[in-house]
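Chemist: Supplied structure: work-v2.txt, compact mmCIF, C-alpha atoms.
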```txt
# COMPACT_ATOMS: atom_id res chain seq x y z
CA MET A 1 0.00 0.00 0.00
CA LYS A 2 2.83 2.37 0.88
CA ARG A 3 4.46 1.76 -2.53
CA ILE A 4 1.14 2.47 -4.30
CA ALA A 5 0.67 5.68 -2.30
CA LEU A 6 4.16 6.87 -3.20
CA LEU A 7 3.50 6.10 -6.87
CA SER A 8 0.25 8.10 -6.75
CA VAL A 9 2.05 11.09 -5.23
CA ALA A 10 4.71 10.89 -7.95
CA LEU A 11 2.10 10.79 -10.72
CA ILE A 12 0.26 13.77 -9.26
CA SER A 13 3.53 15.70 -9.03
CA LEU A 14 4.33 14.95 -12.68
CA ALA A 15 0.85 16.03 -13.76
CA CYS A 16 1.18 19.29 -11.84
CA ALA A 17 4.60 19.93 -13.37
CA ALA A 18 3.26 19.29 -16.87
CA THR A 19 0.35 21.67 -16.27
CA ALA A 20 2.69 24.35 -14.96
CA ALA A 21 4.93 23.94 -18.00
CA THR A 22 2.03 24.66 -20.37
CA ARG A 23 0.34 27.40 -18.33
CA PRO A 24 0.83 30.91 -19.79
CA ARG A 25 3.33 33.04 -17.89
CA TYR A 26 3.71 36.78 -17.69
CA GLY A 27 7.05 38.41 -18.36
CA GLY A 28 9.98 38.20 -20.72
CA THR A 29 11.04 39.92 -23.94
CA LEU A 30 10.23 38.52 -27.38
CA ARG A 31 13.15 38.97 -29.80
CA VAL A 32 12.06 39.50 -33.41
CA GLU A 33 14.03 40.01 -36.62
CA MET A 34 12.68 41.53 -39.85
CA GLN A 35 14.01 42.13 -43.36
CA SER A 36 12.84 45.71 -43.80
CA ALA A 37 14.75 48.71 -42.54
CA PRO A 38 12.08 51.41 -42.11
CA ALA A 39 13.08 55.05 -41.80
CA ALA A 40 9.72 55.80 -40.14
CA LEU A 41 6.94 53.89 -38.43
CA ALA A 42 4.59 54.39 -41.36
CA LEU A 43 2.97 52.02 -43.83
CA PRO A 44 4.83 51.68 -47.18
CA PRO A 45 3.11 50.97 -50.52
CA LEU A 46 1.80 47.53 -51.45
CA ASN A 47 4.42 47.11 -54.19
CA ALA A 48 7.06 46.67 -51.48
CA PRO A 49 5.39 43.63 -49.88
CA THR A 50 8.17 42.71 -47.44
CA ASP A 51 8.24 46.27 -46.09
CA TYR A 52 4.44 46.41 -46.14
CA TRP A 53 3.89 43.21 -44.13
CA ASP A 54 6.64 44.11 -41.65
CA MET A 55 5.20 47.54 -40.88
CA ALA A 56 1.62 46.25 -40.86
CA ARG A 57 2.65 43.77 -38.15
CA VAL A 58 4.47 46.42 -36.15
CA LEU A 59 1.67 48.97 -36.30
CA SER A 60 -0.97 46.36 -35.41
CA LEU A 61 0.83 45.92 -32.07
CA VAL A 62 0.52 49.62 -31.36
CA GLY A 63 -2.93 50.41 -32.72
CA ASP A 64 -6.33 48.84 -33.31
CA ASN A 65 -8.73 49.05 -36.22
CA LEU A 66 -12.37 49.93 -35.86
CA VAL A 67 -13.16 46.38 -37.03
CA GLY A 68 -11.19 43.27 -38.02
CA ILE A 69 -11.80 40.83 -40.85
CA ASP A 70 -10.91 37.15 -41.26
CA ALA A 71 -9.89 35.07 -44.28
CA GLN A 72 -13.56 34.33 -45.04
CA ASP A 73 -14.23 38.08 -45.34
CA ARG A 74 -16.23 38.06 -42.12
CA PRO A 75 -16.01 41.19 -39.93
CA ARG A 76 -15.33 41.00 -36.21
CA PRO A 77 -15.44 43.61 -33.45
CA ALA A 78 -12.37 45.60 -32.48
CA LEU A 79 -12.75 49.20 -31.28
CA ALA A 80 -16.28 49.01 -32.65
CA LEU A 81 -18.58 46.53 -30.92
CA ALA A 82 -21.44 46.65 -33.42
CA TRP A 83 -22.46 48.37 -36.65
CA GLU A 84 -25.35 48.84 -39.05
CA HIS A 85 -25.93 50.53 -42.39
CA ASP A 86 -28.74 51.61 -44.66
CA SER A 87 -29.90 49.64 -47.70
CA ALA A 88 -27.59 51.60 -50.01
CA ALA A 89 -24.49 50.95 -47.84
CA ARG A 90 -23.80 54.70 -47.75
CA HIS A 91 -24.76 55.54 -44.17
CA TRP A 92 -22.96 53.55 -41.44
CA GLN A 93 -23.28 53.74 -37.65
CA PHE A 94 -20.74 52.14 -35.27
CA THR A 95 -21.15 51.51 -31.55
CA LEU A 96 -17.74 51.99 -29.92
CA ARG A 97 -16.06 50.57 -26.84
CA GLN A 98 -16.10 52.99 -23.94
CA ALA A 99 -13.04 51.69 -22.04
CA ALA A 100 -10.40 52.08 -24.77
CA LYS A 101 -7.64 54.62 -24.15
CA PHE A 102 -4.63 55.75 -26.12
CA HIS A 103 -1.19 55.07 -24.66
CA ASP A 104 -0.92 58.70 -23.58
CA GLY A 105 -3.98 58.23 -21.34
CA SER A 106 -6.47 60.10 -23.50
CA ALA A 107 -9.80 58.46 -24.31
CA ALA A 108 -10.39 56.77 -27.67
CA SER A 109 -13.68 58.63 -27.87
CA PRO A 110 -15.99 58.81 -30.88
CA SER A 111 -14.83 62.37 -31.56
CA ALA A 112 -11.15 61.39 -31.38
CA ILE A 113 -11.68 58.46 -33.75
CA ALA A 114 -13.79 60.62 -36.09
CA GLN A 115 -10.93 63.11 -36.31
CA ILE A 116 -8.43 60.36 -37.21
CA LEU A 117 -10.59 58.67 -39.86
CA GLY A 118 -11.77 61.98 -41.26
CA GLY A 119 -8.15 63.00 -41.73
CA LEU A 120 -7.44 59.78 -43.61
CA HIS A 121 -10.51 60.02 -45.88
CA ALA A 122 -11.37 63.51 -47.00
CA ASP A 123 -14.14 62.12 -49.22
CA TRP A 124 -16.00 60.63 -46.24
CA SER A 125 -18.22 62.44 -43.77
CA VAL A 126 -17.13 61.15 -40.34
CA ARG A 127 -18.64 62.46 -37.13
CA ALA A 128 -19.37 61.49 -33.54
CA SER A 129 -22.93 61.04 -32.33
CA GLY A 130 -23.13 60.32 -28.61
CA ASP A 131 -21.40 56.99 -28.04
CA SER A 132 -21.49 56.19 -31.75
CA LEU A 133 -19.48 56.99 -34.86
CA ILE A 134 -21.24 57.91 -38.12
CA ILE A 135 -19.65 57.46 -41.56
CA ASP A 136 -21.39 58.66 -44.71
CA THR A 137 -19.97 58.05 -48.18
CA ALA A 138 -20.95 59.73 -51.42
CA ALA A 139 -21.40 56.41 -53.25
CA PRO A 140 -22.50 52.98 -52.01
CA PHE A 141 -19.59 51.32 -50.19
CA PRO A 142 -20.45 47.66 -49.42
CA SER A 143 -16.75 46.96 -48.70
CA LEU A 144 -16.46 49.67 -46.05
CA LEU A 145 -15.85 47.19 -43.22
CA ALA A 146 -13.04 45.58 -45.20
CA GLU A 147 -11.57 49.03 -45.86
CA LEU A 148 -11.71 49.92 -42.17
CA ALA A 149 -9.88 46.67 -41.34
CA LEU A 150 -6.86 47.59 -43.48
CA PRO A 151 -3.61 48.59 -41.70
CA ARG A 152 -3.83 52.06 -43.27
CA ASN A 153 -6.95 52.68 -41.17
CA LEU A 154 -5.44 51.87 -37.79
CA ILE A 155 -6.67 54.25 -35.12
CA VAL A 156 -3.45 55.98 -34.07
CA THR A 157 -2.37 59.51 -33.33
CA ARG A 158 1.23 60.70 -33.53
CA ASN A 159 3.38 62.82 -31.25
CA ALA A 160 5.71 65.61 -32.35
CA ASN A 161 8.35 63.05 -33.36
CA GLY A 162 5.92 61.11 -35.52
CA THR A 163 5.77 58.20 -33.07
CA PRO A 164 2.42 56.36 -33.33
CA ILE A 165 0.25 56.36 -30.22
CA GLY A 166 -2.53 53.82 -30.29
CA THR A 167 -4.80 51.64 -28.18
CA GLY A 168 -3.03 48.35 -28.92
CA PRO A 169 -1.35 45.87 -26.56
CA PHE A 170 2.12 47.49 -26.87
CA ARG A 171 3.43 51.05 -26.82
CA VAL A 172 6.54 52.42 -28.50
CA VAL A 173 9.47 52.90 -26.13
CA ASP A 174 12.37 53.51 -28.52
CA PHE A 175 12.76 53.57 -32.30
CA GLN A 176 16.10 53.70 -34.08
CA PRO A 177 15.27 54.26 -37.79
CA GLY A 178 16.40 51.36 -39.95
CA LYS A 179 17.86 49.53 -36.96
CA SER A 180 15.60 48.62 -34.06
CA LEU A 181 12.32 49.11 -32.22
CA LYS A 182 11.45 48.50 -28.58
CA LEU A 183 7.86 48.02 -27.45
CA ALA A 184 6.52 47.66 -23.91
CA ALA A 185 3.28 46.05 -22.75
CA ASP A 186 0.40 48.43 -22.14
CA GLU A 187 -0.78 47.70 -18.61
CA ASP A 188 -4.18 49.30 -19.26
CA CYS A 189 -4.97 47.80 -22.66
CA TRP A 190 -8.72 47.41 -23.18
CA ALA A 191 -8.14 43.85 -24.45
CA SER A 192 -6.19 42.97 -21.25
CA ARG A 193 -2.47 43.13 -20.63
CA PRO A 194 -0.37 40.90 -22.93
CA PHE A 195 1.72 38.14 -21.36
CA LEU A 196 4.98 39.57 -22.68
CA ASP A 197 6.67 42.47 -20.94
CA ALA A 198 8.31 43.70 -24.12
CA ILE A 199 9.10 43.08 -27.78
CA GLU A 200 12.47 44.00 -29.31
CA ILE A 201 12.69 44.09 -33.11
CA GLU A 202 15.89 44.23 -35.13
CA PHE A 203 15.47 45.54 -38.68
CA GLY A 204 17.48 45.02 -41.85
CA LYS A 205 18.12 41.30 -41.36
CA PRO A 206 18.25 39.12 -44.53
CA LEU A 207 16.40 35.79 -44.37
CA ARG A 208 19.66 33.83 -44.11
CA ASP A 209 20.82 35.89 -41.12
CA GLN A 210 17.40 35.49 -39.50
CA ALA A 211 17.55 31.70 -39.87
CA THR A 212 21.01 31.63 -38.27
CA ALA A 213 19.86 33.81 -35.37
CA LEU A 214 16.90 31.51 -34.74
CA GLU A 215 19.07 28.38 -34.81
CA LEU A 216 21.62 29.92 -32.40
CA GLY A 217 18.93 31.12 -30.00
CA ARG A 218 19.53 34.83 -30.63
CA ALA A 219 15.99 35.38 -31.98
CA ASP A 220 12.56 34.05 -31.07
CA VAL A 221 10.57 35.03 -34.18
CA VAL A 222 11.85 35.40 -37.74
CA GLU A 223 10.51 35.58 -41.26
CA THR A 224 11.25 32.62 -43.50
CA ALA A 225 10.60 31.12 -46.90
CA PRO A 226 7.19 29.39 -47.08
CA GLN A 227 8.75 26.02 -47.90
CA VAL A 228 10.77 25.77 -44.66
CA ALA A 229 9.65 22.74 -42.65
CA SER A 230 9.03 22.69 -38.91
CA GLY A 231 11.36 20.73 -36.66
CA GLN A 232 11.82 19.91 -33.01
CA GLN A 233 13.36 23.28 -32.17
CA ILE A 234 11.71 25.43 -34.86
CA ARG A 235 8.03 25.79 -35.75
CA ALA A 236 7.15 27.32 -39.12
CA SER A 237 3.77 28.53 -40.35
CA SER A 238 2.56 29.89 -43.70
CA SER A 239 -0.35 32.08 -44.69
CA LEU A 240 -2.75 31.66 -47.55
CA PRO A 241 -1.33 33.08 -50.81
CA ILE A 242 -1.50 36.83 -50.12
CA GLU A 243 1.08 38.13 -52.58
CA LEU A 244 0.88 38.41 -56.35
CA MET A 245 3.97 38.01 -58.54
CA ALA A 246 3.39 39.47 -61.98
CA LEU A 247 5.17 40.70 -65.08
CA VAL A 248 4.26 44.28 -65.95
CA VAL A 249 4.89 46.35 -69.07
CA THR A 250 6.52 49.66 -68.11
CA PRO A 251 5.07 52.97 -69.39
CA ASN A 252 7.85 53.62 -71.93
CA SER A 253 8.26 50.00 -72.95
CA LYS A 254 9.07 48.94 -76.49
CA ALA A 255 6.44 46.20 -76.03
CA GLN A 256 3.59 48.44 -77.16
CA ASP A 257 2.20 45.93 -79.66
CA ILE A 258 -0.60 43.99 -77.96
CA HIS A 259 0.20 40.88 -80.01
CA LEU A 260 3.74 40.87 -78.64
CA ARG A 261 2.46 41.12 -75.06
CA GLN A 262 -0.11 38.38 -75.64
CA ALA A 263 2.57 36.15 -77.16
CA LEU A 264 4.79 36.70 -74.13
CA ALA A 265 1.93 35.69 -71.81
CA LEU A 266 1.42 32.47 -73.78
CA ALA A 267 5.14 31.63 -73.71
CA ILE A 268 5.73 31.68 -69.95
CA ASP A 269 5.86 28.18 -68.46
CA ARG A 270 4.82 28.70 -64.85
CA LYS A 271 4.85 25.09 -63.64
CA PRO A 272 8.65 24.45 -63.75
CA ILE A 273 9.29 27.83 -62.12
CA HIS A 274 6.78 26.98 -59.40
CA SER A 275 8.18 23.53 -58.67
CA ALA A 276 11.92 24.20 -59.06
CA LEU A 277 12.48 27.83 -58.08
CA LEU A 278 9.56 28.45 -55.71
CA LYS A 279 9.79 24.92 -54.26
CA GLY A 280 6.06 24.41 -54.68
CA ALA A 281 5.07 27.37 -52.50
CA GLY A 282 1.85 29.10 -53.48
CA GLU A 283 0.27 28.41 -56.84
CA PRO A 284 0.74 29.31 -60.52
CA SER A 285 -2.00 31.65 -61.68
CA ALA A 286 -3.08 33.76 -64.64
CA ALA A 287 -5.65 35.60 -62.48
CA LEU A 288 -5.15 38.71 -60.38
CA LEU A 289 -7.10 37.39 -57.39
CA PRO A 290 -6.06 34.11 -55.71
CA ASN A 291 -8.30 31.11 -56.10
CA TRP A 292 -8.97 30.80 -52.35
CA MET A 293 -10.66 34.18 -52.52
CA THR A 294 -12.84 33.67 -55.61
CA GLY A 295 -12.94 29.96 -56.51
CA TYR A 296 -12.62 30.71 -60.23
CA GLY A 297 -8.82 30.79 -60.58
CA ALA A 298 -8.75 27.70 -62.83
CA ALA A 299 -10.83 29.55 -65.42
CA PHE A 300 -7.75 31.65 -66.24
CA SER A 301 -5.49 29.31 -68.19
CA THR A 302 -1.79 29.00 -67.35
CA GLN A 303 -1.21 26.62 -70.26
CA VAL A 304 1.85 27.30 -72.45
CA ASN A 305 1.00 27.68 -76.14
CA LEU A 306 4.14 28.36 -78.20
CA GLN A 307 2.35 27.71 -81.49
CA ARG A 308 -0.23 30.40 -80.79
CA ALA A 309 2.50 32.74 -79.48
CA ARG A 310 4.50 32.42 -82.72
CA ALA A 311 1.37 33.03 -84.76
CA LEU A 312 0.73 36.27 -82.87
CA LEU A 313 4.35 37.36 -83.35
CA ALA A 314 3.93 37.06 -87.11
CA GLN A 315 1.53 40.01 -86.84
CA SER A 316 3.77 42.21 -84.66
CA ARG A 317 7.10 43.96 -84.38
CA GLN A 318 9.61 42.10 -82.23
CA PRO A 319 12.08 44.56 -80.69
CA PRO A 320 14.48 43.22 -78.04
CA LEU A 321 13.12 43.81 -74.53
CA THR A 322 14.83 44.44 -71.19
CA LEU A 323 13.45 42.73 -68.07
CA SER A 324 14.26 44.05 -64.59
CA TYR A 325 13.49 42.68 -61.12
CA ASP A 326 13.73 43.61 -57.45
CA ALA A 327 17.32 42.95 -56.41
CA ARG A 328 16.20 42.47 -52.79
CA ASP A 329 14.04 39.50 -53.77
CA PRO A 330 16.26 36.38 -53.43
CA GLN A 331 14.27 34.42 -56.03
CA ALA A 332 13.56 37.18 -58.52
CA GLN A 333 16.70 36.96 -60.67
CA LEU A 334 16.36 33.21 -61.32
CA ILE A 335 12.66 33.60 -62.11
CA ALA A 336 13.39 36.52 -64.47
CA GLU A 337 16.05 34.49 -66.28
CA ARG A 338 13.65 31.57 -66.71
CA ILE A 339 10.99 33.92 -68.13
CA ALA A 340 13.56 35.28 -70.58
CA LEU A 341 14.38 31.72 -71.67
CA ASN A 342 10.67 30.96 -72.18
CA ALA A 343 10.30 34.12 -74.26
CA ARG A 344 13.20 33.20 -76.54
CA GLU A 345 11.59 29.82 -77.24
CA ALA A 346 8.68 31.74 -78.74
CA GLY A 347 10.96 34.09 -80.68
CA ILE A 348 10.95 37.07 -78.30
CA VAL A 349 14.37 38.44 -77.33
CA VAL A 350 14.43 39.35 -73.62
CA GLN A 351 17.53 40.55 -71.77
CA VAL A 352 17.56 40.43 -67.95
CA SER A 353 19.27 43.53 -66.56
CA LEU A 354 19.14 45.95 -63.63
CA SER A 355 20.86 48.78 -65.52
CA GLY A 356 19.31 51.27 -67.89
CA SER A 357 15.63 51.57 -68.79
CA ASP A 358 13.41 48.50 -68.68
CA ASP A 359 10.53 47.33 -70.84
CA LEU A 360 9.26 44.64 -68.47
CA ARG A 361 9.42 44.43 -64.72
CA LEU A 362 8.99 41.40 -62.45
CA VAL A 363 7.13 42.60 -59.35
CA ARG A 364 5.49 41.36 -56.19
CA ILE A 365 2.63 43.20 -54.55
CA ALA A 366 0.77 42.56 -51.32
CA ILE A 367 -2.89 41.58 -51.51
CA PRO A 368 -4.03 43.59 -48.49
CA SER A 369 -7.58 42.34 -47.93
CA PRO A 370 -9.60 39.11 -48.16
CA ASP A 371 -12.48 41.15 -49.55
CA PRO A 372 -12.38 40.39 -53.31
CA ALA A 373 -13.72 43.73 -54.54
CA LEU A 374 -11.35 45.76 -52.37
CA ALA A 375 -8.41 43.46 -53.17
CA LEU A 376 -9.02 43.70 -56.93
CA SER A 377 -9.17 47.49 -56.77
CA GLU A 378 -5.90 47.66 -54.80
CA ILE A 379 -4.14 45.23 -57.15
CA ALA A 380 -5.26 47.20 -60.20
CA ARG A 381 -4.00 50.43 -58.67
CA GLN A 382 -0.58 48.97 -57.89
CA LEU A 383 -0.25 47.52 -61.41
CA SER A 384 -1.38 50.83 -63.00
CA LEU A 385 -4.44 49.18 -64.54
CA GLN A 386 -7.77 50.90 -65.08
CA PRO A 387 -9.93 50.72 -61.91
CA PRO A 388 -12.32 47.76 -62.12
CA VAL A 389 -15.96 48.47 -62.80
CA LEU A 390 -17.92 46.56 -60.15
CA ARG A 391 -21.66 46.69 -59.68
CA GLY A 392 -21.35 44.77 -56.43
CA ASN A 393 -19.22 42.26 -54.57
CA ALA A 394 -20.67 39.14 -56.20
CA VAL A 395 -18.34 36.56 -57.73
CA GLU A 396 -20.04 37.04 -61.11
CA ASP A 397 -19.11 40.75 -61.10
CA LEU A 398 -15.51 39.97 -60.22
CA TYR A 399 -15.29 37.28 -62.87
CA GLN A 400 -16.36 39.77 -65.51
CA ALA A 401 -14.08 42.53 -64.22
CA GLU A 402 -10.82 40.55 -64.18
CA PRO A 403 -10.64 39.71 -67.92
CA ALA A 404 -11.32 43.36 -68.73
CA LEU A 405 -8.31 44.38 -66.61
CA LEU A 406 -6.06 41.77 -68.23
CA ASP A 407 -7.30 42.24 -71.80
CA GLY A 408 -4.38 44.42 -72.88
CA ALA A 409 -1.76 42.09 -71.34
CA SER A 410 0.00 45.09 -69.79
CA ALA A 411 0.15 42.98 -66.62
CA ILE A 412 0.69 39.21 -66.69
CA PRO A 413 -0.11 37.42 -63.40
CA LEU A 414 2.30 34.57 -62.65
CA PHE A 415 1.97 33.27 -59.09
CA HIS A 416 0.10 33.78 -55.85
CA LEU A 417 2.48 33.30 -52.94
CA PRO A 418 2.17 32.93 -49.15
CA VAL A 419 4.26 34.58 -46.45
CA ALA A 420 5.78 32.57 -43.60
CA SER A 421 7.34 32.90 -40.17
CA ALA A 422 9.17 30.62 -37.76
CA VAL A 423 9.53 30.62 -33.98
CA SER A 424 11.79 28.88 -31.47
CA ALA A 425 10.63 26.19 -29.06
CA ARG A 426 10.55 28.66 -26.13
CA VAL A 427 7.68 30.59 -27.77
CA HIS A 428 4.15 29.45 -26.86
CA GLY A 429 0.79 30.61 -28.20
CA TRP A 430 2.21 31.53 -31.59
CA ALA A 431 -0.70 31.32 -34.05
CA PRO A 432 -0.45 33.62 -37.08
CA THR A 433 -3.72 34.13 -38.93
CA GLN A 434 -4.42 32.73 -42.39
CA LEU A 435 -3.76 36.24 -43.68
CA GLY A 436 -0.26 36.25 -42.21
CA ALA A 437 -0.96 38.58 -39.28
CA TRP A 438 1.07 37.99 -36.12
CA LYS A 439 -0.65 38.04 -32.72
CA PRO A 440 2.13 38.48 -30.12
CA ALA A 441 -0.43 39.68 -27.56
CA ASP A 442 -1.33 36.00 -27.08
CA VAL A 443 2.29 34.81 -26.90
CA TRP A 444 4.18 33.77 -23.78
CA LEU A 445 7.72 32.50 -23.22
CA GLU A 446 8.73 29.21 -21.64
CA ASP A 447 11.50 30.78 -19.55
CA ALA A 448 9.76 34.10 -18.84
CA ARG A 449 10.99 35.73 -15.66
```
Would you write out, as structure tokens, the structure that this file holds?
Modeler:
Amino acid sequence: MKRIALLSVALISLACAATAATRPRYGGTLRVEMQSAPAALALPPLNAPTDYWDMARVLSLVGDNLVGIDAQDRPRPALALAWEHDSAARHWQFTLRQAAKFHDGSAASPSAIAQILGGLHADWSVRASGDSLIIDTAAPFPSLLAELALPRNLIVTRNANGTPIGTGPFRVVDFQPGKSLKLAADEDCWASRPFLDAIEIEFGKPLRDQATALELGRADVVETAPQVASGQQIRASSSLPIELMALVVTPNSKAQDIHLRQALALAIDRKPIHSALLKGAGEPSAALLPNWMTGYGAAFSTQVNLQRARALLAQSRQPPLTLSYDARDPQAQLIAERIALNAREAGIVVQVSLSGSDDLRLVRIAIPSPDPALALSEIARQLSLQPPVLRGNAVEDLYQAEPALLDGASAIPLFHLPVASAVSARVHGWAPTQLGAWKPADVWLEDAR
């Protein structure tokens, strides 16, 4: 009996130890490394996706949006608890939280939020009404909630130095432009205090250096290539495809003949590039919007057709073309060279170069929203395409709008790609969203003290 009693005590002790090991703990500093080297804590354009995602993650720690939105395009409360709109989707009323405060102690009141959003959108009428916020738009705006969920609509003010002051789980303590950022937990955050005491971010770190820092225990969270596998000491996670890689014709390009551009689109063999150079990450696509968002991606053919390409070239001039790429993108040069090889097989002379003027440019852009109508409009703007004509947000409207945007072949979609991150074994509660957003407010450290 004594032996059984001792065994029972031992088992209970082990169970308690296991529970304690998995129970969230307060304290500790999360060490993060990022590729970008921002000169200011401000959101860059979508055509610099690495910089865009990095700053979107940083600013989301400092500020909150009025609403959030998930990968299924469903809105969720944030600073606004509830909302309603008229039948035309022009008049919107939001019920706001009453306990939210900015990091400087001032209230995130309806009037304060109205001033911020009104400053961001001069074409909106934004005003406070009691405990509510009213937004009126000149035209119907069914995607307003998705717009309000974008990082550019974070509710933040700025001090004399330009430092953002928000209502988020962390406040800015120190920012060294291009080098580092220190954040401290906000003890009075409306969403409760985060487990971490602080987050320290080092900027300007290439992916290879980040991987080394993670392996040596000098970093807790890093960015990584989507194809990196998880291991015992490292856990990797990827988003849905939220970036578009495309080939664009530059404004002064010699590829003005539409037949030449169409022939180039038919000559590009996406599948070998996807499997060999992108290691199977993401998906080949001839559509602007990813298939997970619309479901009709397969209707845009990625099939190579050299015979048709050569037939089109017989009707066009064939000047030699120069193709450029983003030198910061580690995969871009190899992909550009493969595209040039594909073009030559059809009879189009393409030279890959970073010097002089270019006729074609290989670009990546961030797809900022899971709302298809808003995403399509943002993609078109970044690719210098005519704004899409949408009667609504129905899939049928989108399906008709995309071919019209691509008809001139001035932009050739190639791939939709995910973004990825990796964390060390000491990090618990790490669960990036399907849209690639980080949520360090839910994170705790194994050895937090």
Chemist: Excluding Gln98 of chain A and any residue of its chain fewer than 4 positions from it, enumerate the residues within 9 Å of it, using only C-alpha atoms, and give them as a VMD selection string.
Modeler: chain A and resid 79 107 to 109 131
Chemist: Can you pull out the residues contacting Pro372 of chain A? Cut-off 10 Å, using all atoms listed in the file, and skip same-chain residues under 6 positions away; I want them as a list in words.
Modeler: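 Residues near the query, excluding close chain neighbours: Asp73, Ser143, Ala146, Leu289, Pro290, Met293, Thr294, Glu378, Asn393, Ala394, Val395 and Leu398 of chain A.
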Chemist: I want to know what sits within 12 Å of Asp209 of chain A, based on only C-alpha atoms, with residues of the same chain fewer than 6 positions away left out; could you give that as a ChimeraX atom specification?
Modeler: /A:33-35,202-203,215-216,218-219,222-224
Chemist: Could you save those same residues with C-alpha atoms as an mmCIF file, keeping the file's coordinate frame?
Modeler:
```
data_model
loop_
_atom_site.group_PDB
_atom_site.id
_atom_site.type_symbol
_atom_site.label_atom_id
_atom_site.label_comp_id
_atom_site.auth_asym_id
_atom_site.auth_seq_id
_atom_site.Cartn_x
_atom_site.Cartn_y
_atom_site.Cartn_z
ATOM 1 C CA GLU A 33 14.030 40.010 -36.620
ATOM 2 C CA MET A 34 12.680 41.530 -39.850
ATOM 3 C CA GLN A 35 14.010 42.130 -43.360
ATOM 4 C CA GLU A 202 15.890 44.230 -35.130
ATOM 5 C CA PHE A 203 15.470 45.540 -38.680
ATOM 6 C CA GLU A 215 19.070 28.380 -34.810
ATOM 7 C CA LEU A 216 21.620 29.920 -32.400
ATOM 8 C CA ARG A 218 19.530 34.830 -30.630
ATOM 9 C CA ALA A 219 15.990 35.380 -31.980
ATOM 10 C CA VAL A 222 11.850 35.400 -37.740
ATOM 11 C CA GLU A 223 10.510 35.580 -41.260
ATOM 12 C CA THR A 224 11.250 32.620 -43.500
#
```
Chemist: Could you list, as an MDAnalysis selection string, every residue within 12 Å of Val350 of chain A, counting all atoms listed in the file and ignoring same-chain residues fewer than 2 positions away?
Modeler: chainID A and resid 254:255 260 264 318:324 336:348 352:353 358:361
Chemist: Which residue, A:Ile134, A:Leu196, A:Leu277, A:Ile242, has the smallest gap to Pro24 of chain A when you use only C-alpha atoms?
Modeler: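 Looking only at the distances to Pro24 of chain A, the closest residue turns out to be A:Leu196.
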Chemist: Work out how far atom CA of Leu417 of chain A is from atom CA of Pro45 of chain A, in Å to one decimal.
Modeler: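 Spanning atom CA of Pro45 of chain A to atom CA of Leu417 of chain A is a straight-line distance of 17.8 Å.
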Chemist: Skip Asp123 of chain A itself and residues of its chain fewer than 5 positions away, then list as a list in words all residues within 12 Å of it, counting only C-alpha atoms.
Modeler: Leu117, Gly118, Ile135, Asp136, Thr137, Ala138 and Ala139 of chain A
Chemist: Could you check the closest approach to Ile258 of chain A for each of A:Leu183, A:Leu406, A:Val304, A:Val349 and tell me which residue wins, using all atoms listed in the file?
Modeler: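 Ranking A:Leu183, A:Leu406, A:Val304, A:Val349 by distance to Ile258 of chain A, first place goes to A:Leu406.
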Chemist: Could you tell me how far atom CA of Leu306 of chain A lies from atom CA of Ala263 of chain A, in Å and to one decimal?
Modeler: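 Those two atoms sit 8.0 Å apart.
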Chemist: What is the atom CA of Asn252 of chain A to atom CA of Ile365 of chain A distance in Å?
Modeler: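 Taking atom CA of Asn252 of chain A and atom CA of Ile365 of chain A, their separation equals 20.9 Å.
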Chemist: For a quick check of understanding, using only C-alpha atoms, which of A:His259, A:Arg328, A:Arg426, A:Arg25 has the smallest distance to Phe195 of chain A?
Modeler: A:Arg25
Chemist: Pick out the closest residue to Pro241 of chain A from this set: A:Gln434, A:Thr157, A:Gln351, A:Ser36. Count all atoms listed in the file.
Modeler: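 Closest candidate: A:Gln434.
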Chemist: Please work out which residues fall within 12 Å of (3.4, 46.9, -28.3), coordinates as given in the file, with all atoms listed in the file counting, and return them as an NGL selection string.
Modeler: :A and (29-30 or 57-64 or 103 or 164-174 or 181-187 or 189 or 193-201 or 439-442)
Chemist: Using all atoms listed in the file, find the one residue out of A:Pro251, A:Gly130, A:Gly119, A:Gly68 that sits nearest to Thr95 of chain A.
Modeler: A:Gly130
Chemist: Measuring between all atoms listed in the file, which one of A:Ala89, A:Val423, A:Ala373, A:Leu214 shows the shortest distance to Glu402 of chain A?
Modeler: A:Ala373
